[in-house]
Each structure stands twice: as structure tokens, then as C-alpha cells.
$ cat run.cif   # mmCIF, C-alpha atoms
data_start
loop_
_atom_site.group_PDB
_atom_site.id
_atom_site.type_symbol
_atom_site.label_atom_id
_atom_site.label_comp_id
_atom_site.auth_asym_id
_atom_site.auth_seq_id
_atom_site.Cartn_x
_atom_site.Cartn_y
_atom_site.Cartn_z
ATOM 1 C CA MET A 1152 72.091 -71.070 -118.942
ATOM 2 C CA ASP A 1153 68.640 -71.830 -118.112
ATOM 3 C CA SER A 1154 65.356 -72.984 -119.253
ATOM 4 C CA ASN A 1155 64.038 -71.824 -115.925
ATOM 5 C CA GLU A 1156 64.185 -68.060 -116.310
ATOM 6 C CA PRO A 1157 62.189 -67.049 -113.199
ATOM 7 C CA LEU A 1158 64.773 -68.719 -110.990
ATOM 8 C CA ALA A 1159 67.349 -66.214 -112.279
ATOM 9 C CA GLY A 1160 65.607 -63.645 -110.084
ATOM 10 C CA LEU A 1161 66.409 -65.623 -106.939
ATOM 11 C CA PRO A 1162 69.174 -63.787 -105.081
ATOM 12 C CA HIS A 1163 70.234 -66.859 -103.096
ATOM 13 C CA ALA A 1164 73.286 -68.835 -104.131
ATOM 14 C CA TYR A 1165 74.803 -72.232 -103.379
ATOM 15 C CA PRO A 1166 74.444 -73.786 -100.863
ATOM 16 C CA PHE A 1167 71.321 -71.907 -99.905
ATOM 17 C CA ARG A 1168 69.124 -72.104 -102.963
ATOM 18 C CA LEU A 1169 66.151 -74.016 -101.704
ATOM 19 C CA ILE A 1170 64.238 -73.816 -104.954
ATOM 20 C CA ASP A 1171 65.118 -76.098 -107.883
ATOM 21 C CA LYS A 1172 62.423 -75.095 -110.307
ATOM 22 C CA VAL A 1173 59.693 -72.512 -110.737
ATOM 23 C CA LEU A 1174 56.459 -73.974 -112.089
ATOM 24 C CA SER A 1175 54.537 -70.721 -112.142
ATOM 25 C CA LEU A 1176 55.106 -67.199 -110.934
ATOM 26 C CA SER A 1177 53.151 -63.949 -110.839
ATOM 27 C CA ALA A 1178 52.839 -60.896 -108.606
ATOM 28 C CA GLU A 1179 50.171 -62.743 -106.595
ATOM 29 C CA LYS A 1180 51.184 -66.386 -106.580
ATOM 30 C CA GLY A 1181 54.054 -68.802 -107.023
ATOM 31 C CA VAL A 1182 54.443 -72.563 -107.292
ATOM 32 C CA VAL A 1183 57.966 -73.961 -107.006
ATOM 33 C CA ILE A 1184 59.730 -77.295 -106.576
ATOM 34 C CA LYS A 1185 62.418 -78.328 -104.119
ATOM 35 C CA ASN A 1186 63.815 -81.808 -104.708
ATOM 36 C CA VAL A 1187 65.038 -83.214 -101.430
ATOM 37 C CA SER A 1188 68.014 -85.417 -102.278
ATOM 38 C CA CYS A 1189 69.469 -88.025 -99.957
ATOM 39 C CA ASN A 1190 72.769 -86.186 -100.465
ATOM 40 C CA GLU A 1191 71.580 -83.007 -98.715
ATOM 41 C CA GLU A 1192 74.244 -82.043 -96.222
ATOM 42 C CA PHE A 1193 71.813 -81.501 -93.369
ATOM 43 C CA PHE A 1194 70.763 -85.149 -93.437
ATOM 44 C CA GLN A 1195 74.181 -86.100 -92.078
ATOM 45 C CA GLY A 1196 73.247 -84.721 -88.705
ATOM 46 C CA HIS A 1197 69.468 -84.344 -88.812
ATOM 47 C CA PHE A 1198 69.408 -87.176 -87.887
ATOM 48 C CA PRO A 1199 72.195 -89.703 -88.551
ATOM 49 C CA GLU A 1200 69.902 -92.672 -88.028
ATOM 50 C CA LYS A 1201 66.681 -91.030 -89.109
ATOM 51 C CA PRO A 1202 67.108 -88.402 -91.845
ATOM 52 C CA VAL A 1203 64.321 -85.781 -91.765
ATOM 53 C CA MET A 1204 64.355 -82.372 -93.454
ATOM 54 C CA PRO A 1205 64.517 -79.641 -90.782
ATOM 55 C CA GLY A 1206 61.233 -77.749 -90.588
ATOM 56 C CA VAL A 1207 63.010 -74.400 -90.597
ATOM 57 C CA LEU A 1208 64.469 -75.208 -94.011
ATOM 58 C CA ILE A 1209 60.991 -75.914 -95.358
ATOM 59 C CA VAL A 1210 60.058 -72.469 -94.055
ATOM 60 C CA GLU A 1211 63.153 -71.020 -95.729
ATOM 61 C CA ALA A 1212 62.132 -72.573 -99.058
ATOM 62 C CA MET A 1213 58.665 -71.030 -98.595
ATOM 63 C CA ALA A 1214 60.250 -67.664 -97.799
ATOM 64 C CA GLN A 1215 62.449 -67.838 -100.917
ATOM 65 C CA ALA A 1216 59.361 -68.538 -103.036
ATOM 66 C CA ALA A 1217 57.439 -65.707 -101.341
ATOM 67 C CA GLY A 1218 60.382 -63.384 -102.034
ATOM 68 C CA LEU A 1219 60.183 -64.232 -105.749
ATOM 69 C CA VAL A 1220 56.475 -63.323 -105.759
ATOM 70 C CA LEU A 1221 56.978 -60.109 -103.784
ATOM 71 C CA ASN A 1222 59.746 -58.887 -106.059
ATOM 72 C CA TYR A 1223 58.105 -60.139 -109.258
ATOM 73 C CA GLY A 1224 58.244 -57.555 -112.010
ATOM 74 C CA LYS A 1225 60.472 -55.217 -110.027
ATOM 75 C CA GLU A 1226 63.579 -53.918 -111.637
ATOM 76 C CA GLY A 1227 66.951 -55.545 -110.941
ATOM 77 C CA ARG A 1228 67.494 -58.397 -108.564
ATOM 78 C CA GLN A 1229 66.019 -57.661 -105.181
ATOM 79 C CA VAL A 1230 66.280 -59.347 -101.839
ATOM 80 C CA ALA A 1231 63.312 -59.959 -99.583
ATOM 81 C CA PHE A 1232 63.652 -60.581 -95.870
ATOM 82 C CA LEU A 1233 61.545 -62.785 -93.698
ATOM 83 C CA ALA A 1234 59.788 -60.521 -91.190
ATOM 84 C CA ARG A 1235 57.449 -62.892 -89.427
ATOM 85 C CA ILE A 1236 56.516 -66.563 -89.232
ATOM 86 C CA LYS A 1237 52.818 -67.002 -88.501
ATOM 87 C CA GLU A 1238 51.395 -70.239 -87.214
ATOM 88 C CA ILE A 1239 53.314 -72.682 -89.353
ATOM 89 C CA LYS A 1240 52.147 -76.221 -88.798
ATOM 90 C CA PHE A 1241 54.323 -79.193 -89.746
ATOM 91 C CA LYS A 1242 51.873 -81.913 -90.577
ATOM 92 C CA SER A 1243 54.126 -84.660 -91.869
ATOM 93 C CA PRO A 1244 57.913 -85.167 -92.001
ATOM 94 C CA VAL A 1245 59.881 -84.696 -95.210
ATOM 95 C CA PHE A 1246 62.307 -87.496 -96.047
ATOM 96 C CA PRO A 1247 65.191 -88.026 -98.501
ATOM 97 C CA GLY A 1248 63.813 -88.490 -101.996
ATOM 98 C CA ASP A 1249 60.696 -86.406 -101.409
ATOM 99 C CA ARG A 1250 59.725 -83.701 -103.843
ATOM 100 C CA LEU A 1251 58.359 -80.594 -102.192
ATOM 101 C CA THR A 1252 55.837 -78.579 -104.130
ATOM 102 C CA ILE A 1253 55.660 -75.171 -102.518
ATOM 103 C CA GLU A 1254 52.683 -72.895 -103.106
ATOM 104 C CA VAL A 1255 52.722 -69.305 -101.882
ATOM 105 C CA SER A 1256 50.055 -66.679 -102.364
ATOM 106 C CA LEU A 1257 50.151 -63.025 -101.461
ATOM 107 C CA ASP A 1258 47.147 -62.038 -99.358
ATOM 108 C CA HIS A 1259 47.874 -58.421 -98.562
ATOM 109 C CA GLU A 1260 50.653 -56.034 -99.484
ATOM 110 C CA PHE A 1261 51.284 -52.762 -97.735
ATOM 111 C CA ALA A 1262 54.304 -50.458 -97.725
ATOM 112 C CA SER A 1263 56.780 -53.049 -99.090
ATOM 113 C CA MET A 1264 55.530 -55.629 -96.605
ATOM 114 C CA ALA A 1265 53.245 -58.531 -97.427
ATOM 115 C CA ASN A 1266 51.301 -61.349 -95.817
ATOM 116 C CA PHE A 1267 51.573 -64.718 -97.501
ATOM 117 C CA THR A 1268 49.671 -67.974 -97.168
ATOM 118 C CA VAL A 1269 52.181 -70.777 -97.710
ATOM 119 C CA LYS A 1270 51.941 -74.493 -98.208
ATOM 120 C CA ALA A 1271 54.439 -77.299 -98.873
ATOM 121 C CA LEU A 1272 53.125 -80.541 -100.354
ATOM 122 C CA VAL A 1273 54.626 -83.981 -100.899
ATOM 123 C CA ASP A 1274 52.689 -86.232 -103.294
ATOM 124 C CA GLY A 1275 49.639 -84.002 -102.906
ATOM 125 C CA GLY A 1276 49.610 -84.248 -99.092
ATOM 126 C CA VAL A 1277 50.358 -81.215 -96.922
ATOM 127 C CA ALA A 1278 53.772 -81.392 -95.217
ATOM 128 C CA ALA A 1279 53.651 -77.874 -93.806
ATOM 129 C CA GLU A 1280 51.372 -74.851 -94.023
ATOM 130 C CA GLY A 1281 50.826 -71.470 -92.455
ATOM 131 C CA GLY A 1282 51.636 -67.831 -93.037
ATOM 132 C CA LEU A 1283 54.666 -65.598 -93.524
ATOM 133 C CA VAL A 1284 55.290 -61.873 -93.613
ATOM 134 C CA MET A 1285 57.987 -60.762 -96.048
ATOM 135 C CA VAL A 1286 59.521 -57.348 -96.553
ATOM 136 C CA GLY A 1287 60.662 -56.723 -100.105
ATOM 137 C CA GLY A 1288 62.281 -54.177 -102.336
ATOM 138 C CA ILE A 1289 65.694 -54.400 -100.712
ATOM 139 C CA GLU A 1290 68.482 -53.774 -103.238
ATOM 140 C CA GLU A 1291 70.950 -56.617 -103.455
ATOM 141 C CA MET B 27 34.696 -37.535 -83.046
ATOM 142 C CA ALA B 28 34.550 -41.316 -82.855
ATOM 143 C CA THR B 29 32.087 -43.028 -80.552
ATOM 144 C CA ASN B 30 33.214 -44.907 -77.446
ATOM 145 C CA ASP B 31 31.747 -48.018 -79.004
ATOM 146 C CA THR B 32 34.103 -47.737 -81.968
ATOM 147 C CA LYS B 33 37.058 -47.099 -79.670
ATOM 148 C CA ALA B 34 36.202 -50.228 -77.691
ATOM 149 C CA LYS B 35 36.044 -52.256 -80.905
ATOM 150 C CA VAL B 36 39.398 -50.870 -82.039
ATOM 151 C CA LYS B 37 40.975 -51.794 -78.696
ATOM 152 C CA ASP B 38 39.535 -55.276 -78.949
ATOM 153 C CA MET B 39 41.022 -55.654 -82.435
ATOM 154 C CA LEU B 40 44.426 -54.389 -81.256
ATOM 155 C CA ILE B 41 44.561 -56.844 -78.357
ATOM 156 C CA ARG B 42 43.326 -59.798 -80.384
ATOM 157 C CA ARG B 43 45.270 -59.324 -83.629
ATOM 158 C CA LEU B 44 48.524 -58.218 -82.011
ATOM 159 C CA ARG B 45 48.172 -60.638 -79.111
ATOM 160 C CA LEU B 46 48.822 -57.923 -76.568
ATOM 161 C CA SER B 47 48.857 -59.082 -72.985
ATOM 162 C CA MET B 48 46.763 -56.102 -71.893
ATOM 163 C CA SER B 49 43.149 -55.448 -71.041
ATOM 164 C CA PRO B 50 41.168 -52.745 -72.891
ATOM 165 C CA GLU B 51 41.202 -50.636 -69.715
ATOM 166 C CA GLU B 52 44.989 -50.499 -69.812
ATOM 167 C CA ILE B 53 45.010 -48.840 -73.222
ATOM 168 C CA ASN B 54 44.271 -45.127 -73.155
ATOM 169 C CA ASP B 55 42.501 -43.633 -76.151
ATOM 170 C CA ASP B 56 45.349 -41.240 -76.786
ATOM 171 C CA ASP B 57 48.358 -43.444 -76.009
ATOM 172 C CA PRO B 58 50.827 -43.444 -78.915
ATOM 173 C CA LEU B 59 50.715 -46.858 -80.597
ATOM 174 C CA PHE B 60 54.187 -46.781 -82.112
ATOM 175 C CA GLY B 61 57.537 -45.906 -80.637
ATOM 176 C CA PRO B 62 58.851 -46.437 -77.141
ATOM 177 C CA ASP B 63 57.512 -43.174 -75.668
ATOM 178 C CA GLY B 64 55.037 -44.480 -73.163
ATOM 179 C CA GLY B 65 52.872 -46.194 -75.750
ATOM 180 C CA LEU B 66 52.307 -49.701 -76.949
ATOM 181 C CA ASP B 67 55.683 -49.789 -78.733
ATOM 182 C CA LEU B 68 54.290 -51.380 -81.914
ATOM 183 C CA ASP B 69 56.441 -51.875 -85.025
ATOM 184 C CA SER B 70 55.991 -51.950 -88.799
ATOM 185 C CA ILE B 71 55.057 -55.636 -88.779
ATOM 186 C CA ASP B 72 52.233 -54.799 -86.368
ATOM 187 C CA ALA B 73 51.238 -51.970 -88.717
ATOM 188 C CA LEU B 74 50.658 -54.461 -91.552
ATOM 189 C CA GLU B 75 48.501 -56.547 -89.202
ATOM 190 C CA LEU B 76 46.462 -53.447 -88.291
ATOM 191 C CA VAL B 77 45.999 -52.454 -91.935
ATOM 192 C CA VAL B 78 44.700 -55.962 -92.676
ATOM 193 C CA GLY B 79 42.523 -55.943 -89.538
ATOM 194 C CA LEU B 80 40.930 -52.591 -90.361
ATOM 195 C CA GLN B 81 40.101 -53.823 -93.831
ATOM 196 C CA LYS B 82 38.715 -57.184 -92.745
ATOM 197 C CA GLU B 83 36.860 -56.166 -89.614
ATOM 198 C CA PHE B 84 35.832 -52.574 -90.308
ATOM 199 C CA ASP B 85 35.835 -52.445 -94.095
ATOM 200 C CA SER B 86 38.177 -49.471 -93.762
ATOM 201 C CA VAL B 87 40.948 -49.368 -96.342
ATOM 202 C CA ILE B 88 44.131 -47.424 -95.707
ATOM 203 C CA ALA B 89 45.389 -46.384 -99.124
ATOM 204 C CA ASP B 90 49.103 -45.918 -98.577
ATOM 205 C CA LYS B 91 51.944 -45.372 -96.144
ATOM 206 C CA ALA B 92 51.357 -41.630 -95.866
ATOM 207 C CA ALA B 93 47.727 -42.209 -94.884
ATOM 208 C CA ALA B 94 48.787 -44.921 -92.421
ATOM 209 C CA GLU B 95 51.141 -42.513 -90.685
ATOM 210 C CA LYS B 96 48.199 -40.195 -89.994
ATOM 211 C CA ILE B 97 45.683 -42.892 -89.050
ATOM 212 C CA LEU B 98 47.703 -45.428 -87.055
ATOM 213 C CA VAL B 99 48.683 -43.000 -84.309
ATOM 214 C CA THR B 100 46.365 -43.670 -81.366
ATOM 215 C CA VAL B 101 43.145 -45.578 -80.686
ATOM 216 C CA SER B 102 41.297 -42.261 -81.138
ATOM 217 C CA THR B 103 42.776 -41.526 -84.570
ATOM 218 C CA ILE B 104 41.963 -45.052 -85.769
ATOM 219 C CA ALA B 105 38.399 -44.809 -84.437
ATOM 220 C CA ASP B 106 37.943 -41.394 -86.085
ATOM 221 C CA PHE B 107 39.032 -42.920 -89.385
ATOM 222 C CA VAL B 108 36.670 -45.883 -88.999
ATOM 223 C CA ASP B 109 33.681 -43.669 -88.098
ATOM 224 C CA GLY B 110 34.493 -41.190 -90.834
ATOM 225 C CA GLN B 111 34.268 -43.826 -93.586
#

$ encode --input "run.cif" --output "C-alpha cells"
Amino acid sequence: MDSNEPLAGLPHAYPFRLIDKVLSLSAEKGVVIKNVSCNEEFFQGHFPEKPVMPGVLIVEAMAQAAGLVLNYGKEGRQVAFLARIKEIKFKSPVFPGDRLTIEVSLDHEFASMANFTVKALVDGGVAAEGGLVMVGGIEE
Amino acid sequence: MATNDTKAKVKDMLIRRLRLSMSPEEINDDDPLFGPDGGLDLDSIDALELVVGLQKEFDSVIADKAAAEKILVTVSTIADFVDGQ
């Protein structure tokens, strides 16, 4: 189906795929895109008069990208769980039509668990940044 | 045997990195760090933080999970590992 092979490793399915495209991926680092359409369901309620992407969904997109990095090169399709959210700062709101570029890098891996530095950018400016801990290697 | 100085530094790292609401005096050298049996009741996410902390602050690298299970037991066992490097 797809010219975007790395995304095939993403265990998430509709409506919870928060990555549209993988720009680069390795066992240490990933850069992915999430296009935030005005048709996103969450904008109906968050908020009716002032649509803003919920911060927790930005974190989820970061976690999905971190999961791809953590399970990169491992056999079969594996799920990674979010184990910890560390000091995420939301620096500017994300609006309909924005394109999120999400950068995740693995700082330290130990016993199937890993620390990540994560960043979400819109037009080169930081929308959110911080750290996550993911636990990987969970069979789907 | 580890020095008291090293033990104090390990306790400081534990409190700071794991954000424990305890003073160093409240942590006994031989209290179990993990599990609910009268210890600090740490978990595997804390273990990752300790592994990173030992590497960054003490230049002490724990190679794998088996080694971690022997080292991350009490303040004394961590301090012995740090001083034995």
C-alpha cells in the first residue's frame, strides 16, 4: 500500500494513529509528521468556539513516535507503552491546519525501558517539549 | 566496604532524582529500595532513573538487568558498586 514503509510498524489503528508520515527513523532517533486537520473529531468539543489540539494528544503522538524508535529493527510488530511523562512543557497552542513535526531521540535504554527527549514543532517553533519513558518489546 | 561519604552522595541522588519526600536521615543504609517490605517501595521506572543517575553522576555503568538486580538493592550495595569501580 505504502510509500511510507516505516509507518507499517506502527501498531496503532484508526482512529488513533497520530502519525501521518515518517521522515526518518533509526534505533536512536525519529522524525515524524502529524497533519492536524480542521476535521479532527476532537476539535468539535475542544473547544467549539476555539479549536485547540489537546496537549495530551500531542504527547500521544510523541509516544507513538518514541515507540517506533524503541521497537526499530525488532522482529514482528511490537507495542510500546508509555511509562512516564517527564516535564512536558506546552509552549504554544496547536490549531487546525498546523503541521506538527515531532522529533524524538532515545537518551538511555535499559532493560526494555528507555528515556526519550521529545519535541513537537510547528513551522520551526516549539509547540511542546520534554521527556518520556517508554517500555518496549511487548508482543502485539 | 563503601565510605560514608559515598553513601551520603547516593542518598542525595536517590532523593533528588526520584523526588522522594524524605531526608537522608530517614533512609537507612540497608533498607531495601524495591518492594513494599519496609523499604522505599521503588519500581522499575525508578530503576531506569537510578541507572541513568549512576552513569551521569558517578560514572558507574550498570551493564544489564542481572547486574542491576545485584546492585540496586540498598544504599550500601549501590555505594559498594560505586566505590568498587

$ resolve_selection --input "run.cif" --expression "the PyMOL selection byres ((chain B) within 8 of (chain A))" --output "mmCIF file with C-alpha atoms, in the coordinates of the input"
data_model
loop_
_atom_site.group_PDB
_atom_site.id
_atom_site.type_symbol
_atom_site.label_atom_id
_atom_site.label_comp_id
_atom_site.auth_asym_id
_atom_site.auth_seq_id
_atom_site.Cartn_x
_atom_site.Cartn_y
_atom_site.Cartn_z
ATOM 1 C CA ILE B 71 55.057 -55.636 -88.779
ATOM 2 C CA LEU B 74 50.658 -54.461 -91.552
ATOM 3 C CA VAL B 77 45.999 -52.454 -91.935
ATOM 4 C CA VAL B 78 44.700 -55.962 -92.676
ATOM 5 C CA ASP B 90 49.103 -45.918 -98.577
ATOM 6 C CA LYS B 91 51.944 -45.372 -96.144
#

$ atom_distance --input "run.cif" --atom1 "atom CA of A:Pro1199" --atom2 "atom CA of A:Ala1214"
26.7 Å

$ closest_residue --input "run.cif" --among "B:Ala73, B:Ala28, B:Ile41, B:Leu80" --to "B:Gly61" --atoms "only C-alpha atoms"
B:Ala73

$ residues_around --input "run.cif" --residues "B:Leu59" --least-positions-apart "2" --cutoff "12 Å" --atoms "all atoms listed in the file" --output "VMD selection string"
chain B and resid 37 40 to 41 44 46 53 to 57 61 to 70 72 to 73 76 95 to 104

$ write_last_selection --input "run.cif" --atoms "C-alpha atoms" --output "short mmCIF file (atom, residue, chain, number, x, y, z; two decimals), keeping the file's coordinate frame"
data_model
loop_
_atom_site.label_atom_id
_atom_site.label_comp_id
_atom_site.auth_asym_id
_atom_site.auth_seq_id
_atom_site.Cartn_x
_atom_site.Cartn_y
_atom_site.Cartn_z
CA LYS B 37 40.98 -51.79 -78.70
CA LEU B 40 44.43 -54.39 -81.26
CA ILE B 41 44.56 -56.84 -78.36
CA LEU B 44 48.52 -58.22 -82.01
CA LEU B 46 48.82 -57.92 -76.57
CA ILE B 53 45.01 -48.84 -73.22
CA ASN B 54 44.27 -45.13 -73.16
CA ASP B 55 42.50 -43.63 -76.15
CA ASP B 56 45.35 -41.24 -76.79
CA ASP B 57 48.36 -43.44 -76.01
CA GLY B 61 57.54 -45.91 -80.64
CA PRO B 62 58.85 -46.44 -77.14
CA ASP B 63 57.51 -43.17 -75.67
CA GLY B 64 55.04 -44.48 -73.16
CA GLY B 65 52.87 -46.19 -75.75
CA LEU B 66 52.31 -49.70 -76.95
CA ASP B 67 55.68 -49.79 -78.73
CA LEU B 68 54.29 -51.38 -81.91
CA ASP B 69 56.44 -51.88 -85.02
CA SER B 70 55.99 -51.95 -88.80
CA ASP B 72 52.23 -54.80 -86.37
CA ALA B 73 51.24 -51.97 -88.72
CA LEU B 76 46.46 -53.45 -88.29
CA GLU B 95 51.14 -42.51 -90.68
CA LYS B 96 48.20 -40.20 -89.99
CA ILE B 97 45.68 -42.89 -89.05
CA LEU B 98 47.70 -45.43 -87.06
CA VAL B 99 48.68 -43.00 -84.31
CA THR B 100 46.36 -43.67 -81.37
CA VAL B 101 43.14 -45.58 -80.69
CA SER B 102 41.30 -42.26 -81.14
CA THR B 103 42.78 -41.53 -84.57
CA ILE B 104 41.96 -45.05 -85.77
#

$ atom_distance --input "run.cif" --atom1 "atom CA of A:Gln1229" --atom2 "atom CA of A:Arg1250"
26.8 Å

$ atom_distance --input "run.cif" --atom1 "atom CA of A:Ala1278" --atom2 "atom CA of A:Leu1208"
12.4 Å

$ closest_residue --input "run.cif" --among "A:Met1204, A:Ala1178, A:Leu1257, A:Ile1209" --to "A:Asn1190" --atoms "only C-alpha atoms"
A:Met1204

$ axis_aligned_box --input "run.cif" --around "stretch 1250-1266 of chain A" --padding-each-side "4 Å" --output "JSON"
{"center_x": 53.4, "center_y": -67.1, "center_z": -100.0, "size_x": 20.6, "size_y": 41.2, "size_z": 16.3}

$ residues_around --input "run.cif" --residues "A:Asp1274" --least-positions-apart "3" --cutoff "12 Å" --atoms "all atoms listed in the file" --output "list in words"
Ile1184, Ser1243, Val1245, Gly1248, Asp1249, Arg1250, Leu1251, Thr1252, Ile1253, Ala1271, Val1277 and Ala1278 of chain A

$ write_last_selection --input "run.cif" --atoms "C-alpha atoms" --output "PDB file, in the frame of the given file"
ATOM      1  CA  ILE A1184      59.730 -77.295-106.576  1.00  0.00           C
ATOM      2  CA  SER A1243      54.126 -84.660 -91.869  1.00  0.00           C
ATOM      3  CA  VAL A1245      59.881 -84.696 -95.210  1.00  0.00           C
ATOM      4  CA  GLY A1248      63.813 -88.490-101.996  1.00  0.00           C
ATOM      5  CA  ASP A1249      60.696 -86.406-101.409  1.00  0.00           C
ATOM      6  CA  ARG A1250      59.725 -83.701-103.843  1.00  0.00           C
ATOM      7  CA  LEU A1251      58.359 -80.594-102.192  1.00  0.00           C
ATOM      8  CA  THR A1252      55.837 -78.579-104.130  1.00  0.00           C
ATOM      9  CA  ILE A1253      55.660 -75.171-102.518  1.00  0.00           C
ATOM     10  CA  ALA A1271      54.439 -77.299 -98.873  1.00  0.00           C
ATOM     11  CA  VAL A1277      50.358 -81.215 -96.922  1.00  0.00           C
ATOM     12  CA  ALA A1278      53.772 -81.392 -95.217  1.00  0.00           C
TER      13      ALA A1278
END
